[in-house]
>>> print(open('data.pdb').read())   # PDB, C-alpha atoms
ATOM      1  CA  MET A   1       0.000   0.000   0.000  1.00  0.00           C
ATOM      2  CA  GLY A   2       1.371   3.364  -1.049  1.00  0.00           C
ATOM      3  CA  GLN A   3       1.949   6.319   1.213  1.00  0.00           C
ATOM      4  CA  GLN A   4      -0.940   8.280  -0.313  1.00  0.00           C
ATOM      5  CA  GLU A   5      -3.374   5.427   0.250  1.00  0.00           C
ATOM      6  CA  LYS A   6      -2.305   5.190   3.886  1.00  0.00           C
ATOM      7  CA  GLN A   7      -2.819   8.928   4.299  1.00  0.00           C
ATOM      8  CA  SER A   8      -6.290   8.670   2.769  1.00  0.00           C
ATOM      9  CA  ILE A   9      -7.237   5.897   5.185  1.00  0.00           C
ATOM     10  CA  VAL A  10      -5.902   7.950   8.106  1.00  0.00           C
ATOM     11  CA  SER A  11      -7.950  10.959   6.910  1.00  0.00           C
ATOM     12  CA  MET A  12     -11.068   8.800   6.736  1.00  0.00           C
ATOM     13  CA  ILE A  13     -10.495   7.477  10.247  1.00  0.00           C
ATOM     14  CA  GLY A  14      -9.926  11.067  11.392  1.00  0.00           C
ATOM     15  CA  SER A  15     -13.187  12.246   9.818  1.00  0.00           C
ATOM     16  CA  VAL A  16     -15.150   9.393  11.405  1.00  0.00           C
ATOM     17  CA  LEU A  17     -13.587  10.065  14.824  1.00  0.00           C
ATOM     18  CA  VAL A  18     -14.213  13.817  14.641  1.00  0.00           C
ATOM     19  CA  ILE A  19     -17.842  13.562  13.574  1.00  0.00           C
ATOM     20  CA  GLY A  20     -18.523  10.622  15.913  1.00  0.00           C
ATOM     21  CA  PHE A  21     -17.053  12.133  19.058  1.00  0.00           C
ATOM     22  CA  TYR A  22     -18.332  15.625  18.291  1.00  0.00           C
ATOM     23  CA  SER A  23     -21.886  14.347  17.762  1.00  0.00           C
ATOM     24  CA  MET A  24     -21.667  12.335  20.974  1.00  0.00           C
ATOM     25  CA  TYR A  25     -20.314  15.349  22.892  1.00  0.00           C
ATOM     26  CA  ILE A  26     -23.066  17.622  21.575  1.00  0.00           C
ATOM     27  CA  TYR A  27     -25.765  15.067  22.371  1.00  0.00           C
ATOM     28  CA  ARG A  28     -24.546  14.281  25.898  1.00  0.00           C
ATOM     29  CA  ASN A  29     -23.842  17.856  26.944  1.00  0.00           C
ATOM     30  CA  TYR A  30     -26.663  19.743  25.277  1.00  0.00           C
ATOM     31  CA  LEU A  31     -29.329  17.719  23.499  1.00  0.00           C
ATOM     32  CA  SER A  32     -29.934  15.058  26.147  1.00  0.00           C
ATOM     33  CA  ALA A  33     -30.976  17.804  28.563  1.00  0.00           C
ATOM     34  CA  ASP A  34     -33.002  19.933  26.189  1.00  0.00           C
ATOM     35  CA  LEU A  35     -34.162  18.627  22.798  1.00  0.00           C
ATOM     36  CA  GLU A  36     -35.703  22.022  22.044  1.00  0.00           C
ATOM     37  CA  LEU A  37     -32.147  23.180  21.251  1.00  0.00           C
ATOM     38  CA  LEU A  38     -32.584  21.406  17.906  1.00  0.00           C
ATOM     39  CA  ASN A  39     -34.757  24.293  16.786  1.00  0.00           C
ATOM     40  CA  ASP A  40     -32.332  26.954  18.054  1.00  0.00           C
ATOM     41  CA  PHE A  41     -30.391  28.519  15.174  1.00  0.00           C
ATOM     42  CA  GLN A  42     -27.748  29.897  17.563  1.00  0.00           C
ATOM     43  CA  PHE A  43     -27.036  26.343  18.756  1.00  0.00           C
ATOM     44  CA  TRP A  44     -26.537  25.142  15.173  1.00  0.00           C
ATOM     45  CA  GLY A  45     -24.402  28.165  14.287  1.00  0.00           C
ATOM     46  CA  ARG A  46     -22.115  27.523  17.250  1.00  0.00           C
ATOM     47  CA  SER A  47     -21.976  23.775  16.547  1.00  0.00           C
ATOM     48  CA  PHE A  48     -20.885  24.398  12.938  1.00  0.00           C
ATOM     49  CA  LEU A  49     -18.328  27.045  13.899  1.00  0.00           C
ATOM     50  CA  TYR A  50     -16.727  24.882  16.596  1.00  0.00           C
ATOM     51  CA  LEU A  51     -16.739  21.750  14.443  1.00  0.00           C
ATOM     52  CA  ILE A  52     -14.574  23.289  11.695  1.00  0.00           C
ATOM     53  CA  PRO A  53     -11.485  24.256  13.781  1.00  0.00           C
ATOM     54  CA  ILE A  54     -11.826  21.161  15.993  1.00  0.00           C
ATOM     55  CA  GLY A  55     -11.912  18.988  12.866  1.00  0.00           C
ATOM     56  CA  ILE A  56      -8.820  20.662  11.414  1.00  0.00           C
ATOM     57  CA  VAL A  57      -6.821  20.396  14.663  1.00  0.00           C
ATOM     58  CA  VAL A  58      -7.783  16.736  15.216  1.00  0.00           C
ATOM     59  CA  GLN A  59      -6.876  15.842  11.607  1.00  0.00           C
ATOM     60  CA  ILE A  60      -3.466  17.537  11.984  1.00  0.00           C
ATOM     61  CA  VAL A  61      -2.804  15.721  15.272  1.00  0.00           C
ATOM     62  CA  ILE A  62      -3.870  12.358  13.803  1.00  0.00           C
ATOM     63  CA  HIS A  63      -1.602  12.861  10.770  1.00  0.00           C
ATOM     64  CA  ILE A  64       1.360  13.800  12.995  1.00  0.00           C
ATOM     65  CA  VAL A  65       0.792  10.730  15.189  1.00  0.00           C
ATOM     66  CA  PHE A  66       0.471   8.545  12.090  1.00  0.00           C
ATOM     67  CA  ALA A  67       3.709   9.971  10.624  1.00  0.00           C
ATOM     68  CA  ILE A  68       5.554   9.180  13.861  1.00  0.00           C
ATOM     69  CA  VAL A  69       4.110   5.652  14.115  1.00  0.00           C
ATOM     70  CA  ASN A  70       4.817   5.030  10.429  1.00  0.00           C
ATOM     71  CA  ARG A  71       8.423   6.206  10.868  1.00  0.00           C
ATOM     72  CA  ILE A  72       8.902   3.837  13.805  1.00  0.00           C
ATOM     73  CA  VAL A  73       7.245   0.821  12.138  1.00  0.00           C
ATOM     74  CA  THR A  74       8.461   1.103   8.525  1.00  0.00           C
ATOM     75  CA  GLY A  75      11.451   3.417   8.896  1.00  0.00           C
ATOM     76  CA  GLU A  76      10.085   5.562   6.056  1.00  0.00           C
ATOM     77  CA  ASP A  77       9.571   9.300   6.284  1.00  0.00           C
ATOM     78  CA  MET A  78       6.165  10.647   5.260  1.00  0.00           C
ATOM     79  CA  SER A  79       6.769  12.917   2.319  1.00  0.00           C
ATOM     80  CA  ASP A  80       4.396  15.752   1.464  1.00  0.00           C
ATOM     81  CA  PHE A  81       5.815  15.901  -2.060  1.00  0.00           C
ATOM     82  CA  SER A  82       3.148  15.560  -4.736  1.00  0.00           C
ATOM     83  CA  ASP A  83       3.776  15.119  -8.433  1.00  0.00           C
ATOM     84  CA  GLU A  84       1.495  15.576 -11.454  1.00  0.00           C
ATOM     85  CA  ARG A  85      -0.311  12.266 -10.872  1.00  0.00           C
ATOM     86  CA  ASP A  86      -1.010  13.127  -7.224  1.00  0.00           C
ATOM     87  CA  LYS A  87      -2.367  16.527  -8.252  1.00  0.00           C
ATOM     88  CA  LEU A  88      -4.579  14.993 -10.946  1.00  0.00           C
ATOM     89  CA  ILE A  89      -5.972  12.445  -8.484  1.00  0.00           C
ATOM     90  CA  GLU A  90      -6.516  15.211  -5.917  1.00  0.00           C
ATOM     91  CA  LEU A  91      -8.454  17.284  -8.454  1.00  0.00           C
ATOM     92  CA  LYS A  92     -10.587  14.356  -9.600  1.00  0.00           C
ATOM     93  CA  SER A  93     -11.429  13.269  -6.062  1.00  0.00           C
ATOM     94  CA  ILE A  94     -12.286  16.850  -5.048  1.00  0.00           C
ATOM     95  CA  ARG A  95     -14.622  17.062  -8.039  1.00  0.00           C
ATOM     96  CA  ILE A  96     -16.443  13.903  -6.926  1.00  0.00           C
ATOM     97  CA  SER A  97     -16.678  15.121  -3.320  1.00  0.00           C
ATOM     98  CA  HIS A  98     -18.087  18.463  -4.524  1.00  0.00           C
ATOM     99  CA  TRP A  99     -20.833  16.623  -6.394  1.00  0.00           C
ATOM    100  CA  VAL A 100     -21.665  14.658  -3.246  1.00  0.00           C
ATOM    101  CA  PHE A 101     -21.814  17.857  -1.202  1.00  0.00           C
ATOM    102  CA  ILE A 102     -23.934  19.626  -3.831  1.00  0.00           C
ATOM    103  CA  PHE A 103     -26.348  16.674  -3.763  1.00  0.00           C
ATOM    104  CA  GLY A 104     -26.489  16.892   0.036  1.00  0.00           C
ATOM    105  CA  PHE A 105     -26.998  20.651  -0.138  1.00  0.00           C
ATOM    106  CA  MET A 106     -29.910  20.178  -2.556  1.00  0.00           C
ATOM    107  CA  LEU A 107     -31.384  17.534  -0.224  1.00  0.00           C
ATOM    108  CA  SER A 108     -31.094  19.898   2.743  1.00  0.00           C
ATOM    109  CA  MET A 109     -32.784  22.704   0.813  1.00  0.00           C
ATOM    110  CA  GLY A 110     -35.396  20.192  -0.332  1.00  0.00           C
ATOM    111  CA  SER A 111     -36.142  19.336   3.282  1.00  0.00           C
ATOM    112  CA  LEU A 112     -36.855  23.035   3.949  1.00  0.00           C
ATOM    113  CA  ALA A 113     -38.953  23.279   0.798  1.00  0.00           C
ATOM    114  CA  LEU A 114     -41.016  20.304   1.964  1.00  0.00           C
ATOM    115  CA  GLY A 115     -41.692  22.061   5.246  1.00  0.00           C
ATOM    116  CA  MET A 116     -39.525  19.870   7.440  1.00  0.00           C
ATOM    117  CA  LYS A 117     -37.982  21.243  10.633  1.00  0.00           C
ATOM    118  CA  PRO A 118     -34.786  23.318  10.230  1.00  0.00           C
ATOM    119  CA  TYR A 119     -32.737  20.778  12.184  1.00  0.00           C
ATOM    120  CA  VAL A 120     -33.306  18.249   9.376  1.00  0.00           C
ATOM    121  CA  MET A 121     -31.600  20.729   7.038  1.00  0.00           C
ATOM    122  CA  PHE A 122     -28.647  21.225   9.403  1.00  0.00           C
ATOM    123  CA  ILE A 123     -28.198  17.496  10.006  1.00  0.00           C
ATOM    124  CA  THR A 124     -28.358  16.841   6.243  1.00  0.00           C
ATOM    125  CA  LEU A 125     -25.749  19.570   5.669  1.00  0.00           C
ATOM    126  CA  ILE A 126     -23.342  18.132   8.255  1.00  0.00           C
ATOM    127  CA  SER A 127     -23.906  14.593   6.946  1.00  0.00           C
ATOM    128  CA  SER A 128     -23.285  15.632   3.352  1.00  0.00           C
ATOM    129  CA  GLY A 129     -20.071  17.409   4.364  1.00  0.00           C
ATOM    130  CA  PHE A 130     -18.959  14.271   6.193  1.00  0.00           C
ATOM    131  CA  LEU A 131     -19.934  12.000   3.288  1.00  0.00           C
ATOM    132  CA  ALA A 132     -18.206  14.317   0.812  1.00  0.00           C
ATOM    133  CA  SER A 133     -14.945  14.117   2.739  1.00  0.00           C
ATOM    134  CA  LEU A 134     -15.205  10.315   2.949  1.00  0.00           C
ATOM    135  CA  THR A 135     -16.029  10.067  -0.766  1.00  0.00           C
ATOM    136  CA  SER A 136     -12.999  12.182  -1.622  1.00  0.00           C
ATOM    137  CA  GLU A 137     -10.684   9.821   0.246  1.00  0.00           C
ATOM    138  CA  VAL A 138     -12.334   6.675  -1.163  1.00  0.00           C
ATOM    139  CA  ALA A 139     -12.039   8.128  -4.681  1.00  0.00           C
ATOM    140  CA  LYS A 140      -8.338   8.811  -4.077  1.00  0.00           C
ATOM    141  CA  ILE A 141      -7.723   5.214  -2.993  1.00  0.00           C
ATOM    142  CA  ILE A 142      -9.586   3.887  -6.054  1.00  0.00           C
ATOM    143  CA  TYR A 143      -7.663   6.184  -8.416  1.00  0.00           C
ATOM    144  CA  TYR A 144      -4.337   5.202  -6.868  1.00  0.00           C
ATOM    145  CA  ARG A 145      -5.172   1.499  -7.188  1.00  0.00           C
ATOM    146  CA  LYS A 146      -6.997   1.336 -10.518  1.00  0.00           C
ATOM    147  CA  GLY A 147      -5.221   4.137 -12.317  1.00  0.00           C
ATOM    148  CA  VAL A 148      -6.291   7.511 -13.562  1.00  0.00           C
TER     149      VAL A 148
ATOM    150  CA  MET B   1      -9.676   2.904 -16.526  1.00  0.00           C
ATOM    151  CA  GLY B   2      -6.288   1.620 -17.518  1.00  0.00           C
ATOM    152  CA  LYS B   3      -7.576  -1.362 -19.495  1.00  0.00           C
ATOM    153  CA  ASP B   4      -9.354   0.553 -22.264  1.00  0.00           C
ATOM    154  CA  LYS B   5      -6.364   2.811 -22.886  1.00  0.00           C
ATOM    155  CA  LEU B   6      -3.749   0.224 -23.771  1.00  0.00           C
ATOM    156  CA  PHE B   7      -3.371   1.670 -27.253  1.00  0.00           C
ATOM    157  CA  ILE B   8      -0.547   3.658 -25.650  1.00  0.00           C
ATOM    158  CA  THR B   9       2.217   1.339 -24.485  1.00  0.00           C
ATOM    159  CA  ASN B  10       5.669   2.021 -23.120  1.00  0.00           C
ATOM    160  CA  ASN B  11       9.127   0.495 -23.083  1.00  0.00           C
ATOM    161  CA  ILE B  12      10.236   1.914 -19.760  1.00  0.00           C
ATOM    162  CA  ARG B  13      11.022  -1.473 -18.241  1.00  0.00           C
ATOM    163  CA  LYS B  14      13.241  -2.363 -21.212  1.00  0.00           C
ATOM    164  CA  LEU B  15      14.898   1.058 -21.215  1.00  0.00           C
ATOM    165  CA  ARG B  16      15.600   0.811 -17.477  1.00  0.00           C
ATOM    166  CA  PHE B  17      17.206  -2.568 -18.070  1.00  0.00           C
ATOM    167  CA  PHE B  18      19.494  -1.155 -20.766  1.00  0.00           C
ATOM    168  CA  ALA B  19      20.343   1.799 -18.529  1.00  0.00           C
ATOM    169  CA  ASN B  20      22.338  -0.434 -16.170  1.00  0.00           C
ATOM    170  CA  GLU B  21      19.147  -1.819 -14.597  1.00  0.00           C
ATOM    171  CA  MET B  22      18.114   1.620 -13.368  1.00  0.00           C
ATOM    172  CA  THR B  23      15.697   1.246 -10.457  1.00  0.00           C
ATOM    173  CA  GLN B  24      12.227   2.759 -10.457  1.00  0.00           C
ATOM    174  CA  GLN B  25      13.293   4.984  -7.563  1.00  0.00           C
ATOM    175  CA  GLU B  26      16.301   6.277  -9.528  1.00  0.00           C
ATOM    176  CA  LEU B  27      14.106   7.070 -12.518  1.00  0.00           C
ATOM    177  CA  ALA B  28      11.596   8.755 -10.207  1.00  0.00           C
ATOM    178  CA  ASP B  29      14.318  10.891  -8.626  1.00  0.00           C
ATOM    179  CA  LYS B  30      15.697  11.900 -12.022  1.00  0.00           C
ATOM    180  CA  THR B  31      12.282  12.837 -13.409  1.00  0.00           C
ATOM    181  CA  GLY B  32      11.002  14.533 -10.257  1.00  0.00           C
ATOM    182  CA  VAL B  33       8.062  12.219  -9.557  1.00  0.00           C
ATOM    183  CA  THR B  34       7.318   9.581  -6.947  1.00  0.00           C
ATOM    184  CA  ARG B  35       8.210   5.908  -7.406  1.00  0.00           C
ATOM    185  CA  GLN B  36       4.487   5.093  -7.347  1.00  0.00           C
ATOM    186  CA  THR B  37       4.010   7.277 -10.412  1.00  0.00           C
ATOM    187  CA  VAL B  38       6.793   5.468 -12.278  1.00  0.00           C
ATOM    188  CA  VAL B  39       5.173   2.140 -11.336  1.00  0.00           C
ATOM    189  CA  ALA B  40       1.772   3.387 -12.554  1.00  0.00           C
ATOM    190  CA  ILE B  41       3.245   4.579 -15.871  1.00  0.00           C
ATOM    191  CA  GLU B  42       5.094   1.289 -16.411  1.00  0.00           C
ATOM    192  CA  ASN B  43       1.894  -0.669 -15.748  1.00  0.00           C
ATOM    193  CA  GLY B  44      -0.171   1.518 -18.078  1.00  0.00           C
ATOM    194  CA  LYS B  45      -2.313   2.838 -15.229  1.00  0.00           C
ATOM    195  CA  TYR B  46      -1.269   6.441 -15.772  1.00  0.00           C
ATOM    196  CA  PHE B  47      -0.296   8.357 -18.887  1.00  0.00           C
ATOM    197  CA  PRO B  48       2.210  11.078 -18.105  1.00  0.00           C
ATOM    198  CA  SER B  49       2.135  14.689 -19.224  1.00  0.00           C
ATOM    199  CA  LEU B  50       4.080  15.569 -22.353  1.00  0.00           C
ATOM    200  CA  GLU B  51       6.713  17.253 -20.189  1.00  0.00           C
ATOM    201  CA  LEU B  52       7.287  14.152 -18.069  1.00  0.00           C
ATOM    202  CA  ALA B  53       7.320  11.932 -21.156  1.00  0.00           C
ATOM    203  CA  PHE B  54      10.008  14.095 -22.770  1.00  0.00           C
ATOM    204  CA  ARG B  55      11.982  14.148 -19.514  1.00  0.00           C
ATOM    205  CA  MET B  56      11.978  10.350 -19.460  1.00  0.00           C
ATOM    206  CA  ALA B  57      13.107  10.186 -23.066  1.00  0.00           C
ATOM    207  CA  TYR B  58      15.863  12.683 -22.270  1.00  0.00           C
ATOM    208  CA  ILE B  59      17.067  10.604 -19.313  1.00  0.00           C
ATOM    209  CA  PHE B  60      17.212   7.420 -21.404  1.00  0.00           C
ATOM    210  CA  LYS B  61      18.816   9.415 -24.256  1.00  0.00           C
ATOM    211  CA  VAL B  62      16.238   8.176 -26.773  1.00  0.00           C
ATOM    212  CA  THR B  63      13.411   9.764 -28.732  1.00  0.00           C
ATOM    213  CA  LEU B  64       9.899  10.012 -27.340  1.00  0.00           C
ATOM    214  CA  ASP B  65       8.504   7.311 -29.644  1.00  0.00           C
ATOM    215  CA  GLU B  66      11.081   4.882 -28.313  1.00  0.00           C
ATOM    216  CA  VAL B  67       9.653   5.324 -24.829  1.00  0.00           C
ATOM    217  CA  PHE B  68       5.953   5.505 -25.696  1.00  0.00           C
ATOM    218  CA  SER B  69       4.220   3.872 -28.661  1.00  0.00           C
ATOM    219  CA  TYR B  70       0.792   4.664 -29.988  1.00  0.00           C
ATOM    220  CA  HIS B  71      -1.327   1.916 -31.604  1.00  0.00           C
ATOM    221  CA  SER B  72      -3.958   3.817 -33.529  1.00  0.00           C
ATOM    222  CA  GLU B  73      -5.776   0.687 -34.762  1.00  0.00           C
ATOM    223  CA  ASP B  74      -6.677  -0.162 -31.143  1.00  0.00           C
ATOM    224  CA  ASP B  75      -7.874   3.337 -30.312  1.00  0.00           C
ATOM    225  CA  PRO B  76     -11.684   3.195 -29.853  1.00  0.00           C
ATOM    226  CA  VAL B  77     -12.010   6.964 -30.286  1.00  0.00           C
ATOM    227  CA  LEU B  78     -10.196   6.957 -33.631  1.00  0.00           C
ATOM    228  CA  ALA B  79     -12.154   3.875 -34.724  1.00  0.00           C
ATOM    229  CA  LYS B  80     -15.417   5.715 -34.010  1.00  0.00           C
ATOM    230  CA  ILE B  81     -14.277   8.807 -35.932  1.00  0.00           C
ATOM    231  CA  ASN B  82     -13.219   6.706 -38.926  1.00  0.00           C
ATOM    232  CA  LYS B  83     -16.525   4.827 -38.831  1.00  0.00           C
ATOM    233  CA  ASN B  84     -18.463   8.113 -38.906  1.00  0.00           C
ATOM    234  CA  LYS B  85     -16.332   9.357 -41.812  1.00  0.00           C
ATOM    235  CA  THR B  86     -17.077   6.195 -43.782  1.00  0.00           C
ATOM    236  CA  LYS B  87     -20.800   6.621 -43.121  1.00  0.00           C
ATOM    237  CA  GLU B  88     -20.701  10.243 -44.345  1.00  0.00           C
ATOM    238  CA  LYS B  89     -19.110   9.153 -47.623  1.00  0.00           C
TER     239      LYS B  89
END
>>> encode(input="data.pdb", output="structure tokens")
Amino acid sequence: MGQQEKQSIVSMIGSVLVIGFYSMYIYRNYLSADLELLNDFQFWGRSFLYLIPIGIVVQIVIHIVFAIVNRIVTGEDMSDFSDERDKLIELKSIRISHWVFIFGFMLSMGSLALGMKPYVMFITLISSGFLASLTSEVAKIIYYRKGV
Amino acid sequence: MGKDKLFITNNIRKLRFFANEMTQQELADKTGVTRQTVVAIENGKYFPSLELAFRMAYIFKVTLDEVFSYHSEDDPVLAKINKNKTKEK
């Protein structure tokens, strides 16, 4: 397995951990006590704003830990060098993830149009962002394995 | 994706052999790409940019068509174009 594929898998694990633990934290500390918060726009605004920096920091930490573990186990340094093939794969996978997010965005707007509660829209938005990031990494792995 | 594009083949393995059994890593270092990219090109899973193709030819001291060969009769796109031209006539 190539270095890029390993990094993609680590990113996927990072995304799952971030969204999983963050959802659990939000539910235990806020929603379990007061479900009415689901209809509070301020709550959703804060949740989104905190999720972004937390996600970035956790991903950076996970990648640093992985680089250290990888160095110890395989003796190889993680290189951040990317050539033309890496850039092409990056672009193609980003394009796919954008389509997934656009689809999720349309679904979330559709939920509003159908008169569903606003929290359905916010949950759909977060889910589509999460799915888009997973799709991007899966697409990268497929492109690295099958060719581009 | 790679399977339907085999109308472009390469002789990189042979050229590496004649270049004192140059390793994939050495070729990667000389051309400024990763070893994985050299492996992908050799296996026909990635077709390099014109710049990288010329760089490879330059390193092996051969012409571009000695590194990469194009088999037009296997090209489905060209076959379709030729078929349409025949229909028009």
>>> closest_residue(input="data.pdb", among="A:Val148, A:Met106, A:Leu88, A:Val73", to="chain B", atoms="only C-alpha atoms")
A:Val148
>>> resolve_selection(input="data.pdb", expression="the ChimeraX specification (/A :<8) & /B", output="PDB file with C-alpha atoms, keeping the file's coordinate frame")
ATOM      1  CA  MET B   1      -9.676   2.904 -16.526  1.00  0.00           C
ATOM      2  CA  GLY B   2      -6.288   1.620 -17.518  1.00  0.00           C
ATOM      3  CA  GLY B  32      11.002  14.533 -10.257  1.00  0.00           C
ATOM      4  CA  VAL B  33       8.062  12.219  -9.557  1.00  0.00           C
ATOM      5  CA  THR B  34       7.318   9.581  -6.947  1.00  0.00           C
ATOM      6  CA  GLN B  36       4.487   5.093  -7.347  1.00  0.00           C
ATOM      7  CA  THR B  37       4.010   7.277 -10.412  1.00  0.00           C
ATOM      8  CA  ALA B  40       1.772   3.387 -12.554  1.00  0.00           C
ATOM      9  CA  LYS B  45      -2.313   2.838 -15.229  1.00  0.00           C
ATOM     10  CA  TYR B  46      -1.269   6.441 -15.772  1.00  0.00           C
ATOM     11  CA  PRO B  48       2.210  11.078 -18.105  1.00  0.00           C
ATOM     12  CA  SER B  49       2.135  14.689 -19.224  1.00  0.00           C
TER      13      SER B  49
END
>>> closest_residue(input="data.pdb", among="B:Asp74, B:Phe60, B:Ile8, B:Asp65", to="Asn20 (chain B)", atoms="only C-alpha atoms")
B:Phe60
>>> atom_distance(input="data.pdb", atom1="CA of Gly75 (chain A)", atom2="CA of Val58 (chain A)")
24.2 Å
>>> atom_distance(input="data.pdb", atom1="CA of Ser8 (chain A)", atom2="CA of Val138 (chain A)")
7.5 Å
>>> closest_residue(input="data.pdb", among="A:Ala139, A:Ala67, A:Met1, A:Ile72", to="Arg95 (chain A)", atoms="only C-alpha atoms")
A:Ala139
>>> atom_distance(input="data.pdb", atom1="CA of Val62 (chain B)", atom2="CA of Ala19 (chain B)")
11.2 Å
>>> residues_around(input="data.pdb", residues="Arg13 (chain B)", least_positions_apart="3", cutoff="8 Å", atoms="only C-alpha atoms", output="list in words")
Arg16, Phe17 and Glu42 of chain B
>>> write_last_selection(input="data.pdb", atoms="C-alpha atoms", output="compact mmCIF listing (two decimals), keeping the file's coordinate frame")
# COMPACT_ATOMS: atom_id res chain seq x y z
CA ARG B 16 15.60 0.81 -17.48
CA PHE B 17 17.21 -2.57 -18.07
CA GLU B 42 5.09 1.29 -16.41
>>> resolve_selection(input="data.pdb", expression="the PyMOL selection byres ((chain B and resi 56) around 10)", output="list in words")
Ile12, Leu15, Leu27, Ala28, Lys30, Thr31, Pro48, Leu50, Glu51, Leu52, Ala53, Phe54, Arg55, Ala57, Tyr58, Ile59, Phe60, Lys61, Val62, Thr63, Leu64, Val67 and Phe68 of chain B
>>> residues_near_point(input="data.pdb", point="(-15.4, 20.1, 12.8)", cutoff="12 Å", atoms="all atoms listed in the file", output="PyMOL selection string")
chain A and resi 14-23+26+46-59+126-127+129-130+133
>>> resolve_selection(input="data.pdb", expression="the PyMOL selection byres ((chain B and resi 71) around 12)", output="VMD selection string")
chain B and resid 5 to 10 65 68 to 70 72 to 79
>>> axis_aligned_box(input="data.pdb", around="region 97-112 of chain A", padding_each_side="8 Å", output="lines of an AutoDock Vina configuration file")
center_x = -26.8
center_y = 18.8
center_z = -1.2
size_x = 36.2
size_y = 24.4
size_z = 26.3
>>> decode(input="data.pdb", residues="region 97-137 of chain A", atoms="C-alpha atoms", output="short mmCIF file (atom, residue, chain, number, x, y, z; two decimals), in the first residue's frame")
data_model
loop_
_atom_site.label_atom_id
_atom_site.label_comp_id
_atom_site.auth_asym_id
_atom_site.auth_seq_id
_atom_site.Cartn_x
_atom_site.Cartn_y
_atom_site.Cartn_z
CA SER A 97 -16.68 15.12 -3.32
CA HIS A 98 -18.09 18.46 -4.52
CA TRP A 99 -20.83 16.62 -6.39
CA VAL A 100 -21.67 14.66 -3.25
CA PHE A 101 -21.81 17.86 -1.20
CA ILE A 102 -23.93 19.63 -3.83
CA PHE A 103 -26.35 16.67 -3.76
CA GLY A 104 -26.49 16.89 0.04
CA PHE A 105 -27.00 20.65 -0.14
CA MET A 106 -29.91 20.18 -2.56
CA LEU A 107 -31.38 17.53 -0.22
CA SER A 108 -31.09 19.90 2.74
CA MET A 109 -32.78 22.70 0.81
CA GLY A 110 -35.40 20.19 -0.33
CA SER A 111 -36.14 19.34 3.28
CA LEU A 112 -36.86 23.03 3.95
CA ALA A 113 -38.95 23.28 0.80
CA LEU A 114 -41.02 20.30 1.96
CA GLY A 115 -41.69 22.06 5.25
CA MET A 116 -39.53 19.87 7.44
CA LYS A 117 -37.98 21.24 10.63
CA PRO A 118 -34.79 23.32 10.23
CA TYR A 119 -32.74 20.78 12.18
CA VAL A 120 -33.31 18.25 9.38
CA MET A 121 -31.60 20.73 7.04
CA PHE A 122 -28.65 21.23 9.40
CA ILE A 123 -28.20 17.50 10.01
CA THR A 124 -28.36 16.84 6.24
CA LEU A 125 -25.75 19.57 5.67
CA ILE A 126 -23.34 18.13 8.26
CA SER A 127 -23.91 14.59 6.95
CA SER A 128 -23.28 15.63 3.35
CA GLY A 129 -20.07 17.41 4.36
CA PHE A 130 -18.96 14.27 6.19
CA LEU A 131 -19.93 12.00 3.29
CA ALA A 132 -18.21 14.32 0.81
CA SER A 133 -14.94 14.12 2.74
CA LEU A 134 -15.21 10.31 2.95
CA THR A 135 -16.03 10.07 -0.77
CA SER A 136 -13.00 12.18 -1.62
CA GLU A 137 -10.68 9.82 0.25
#
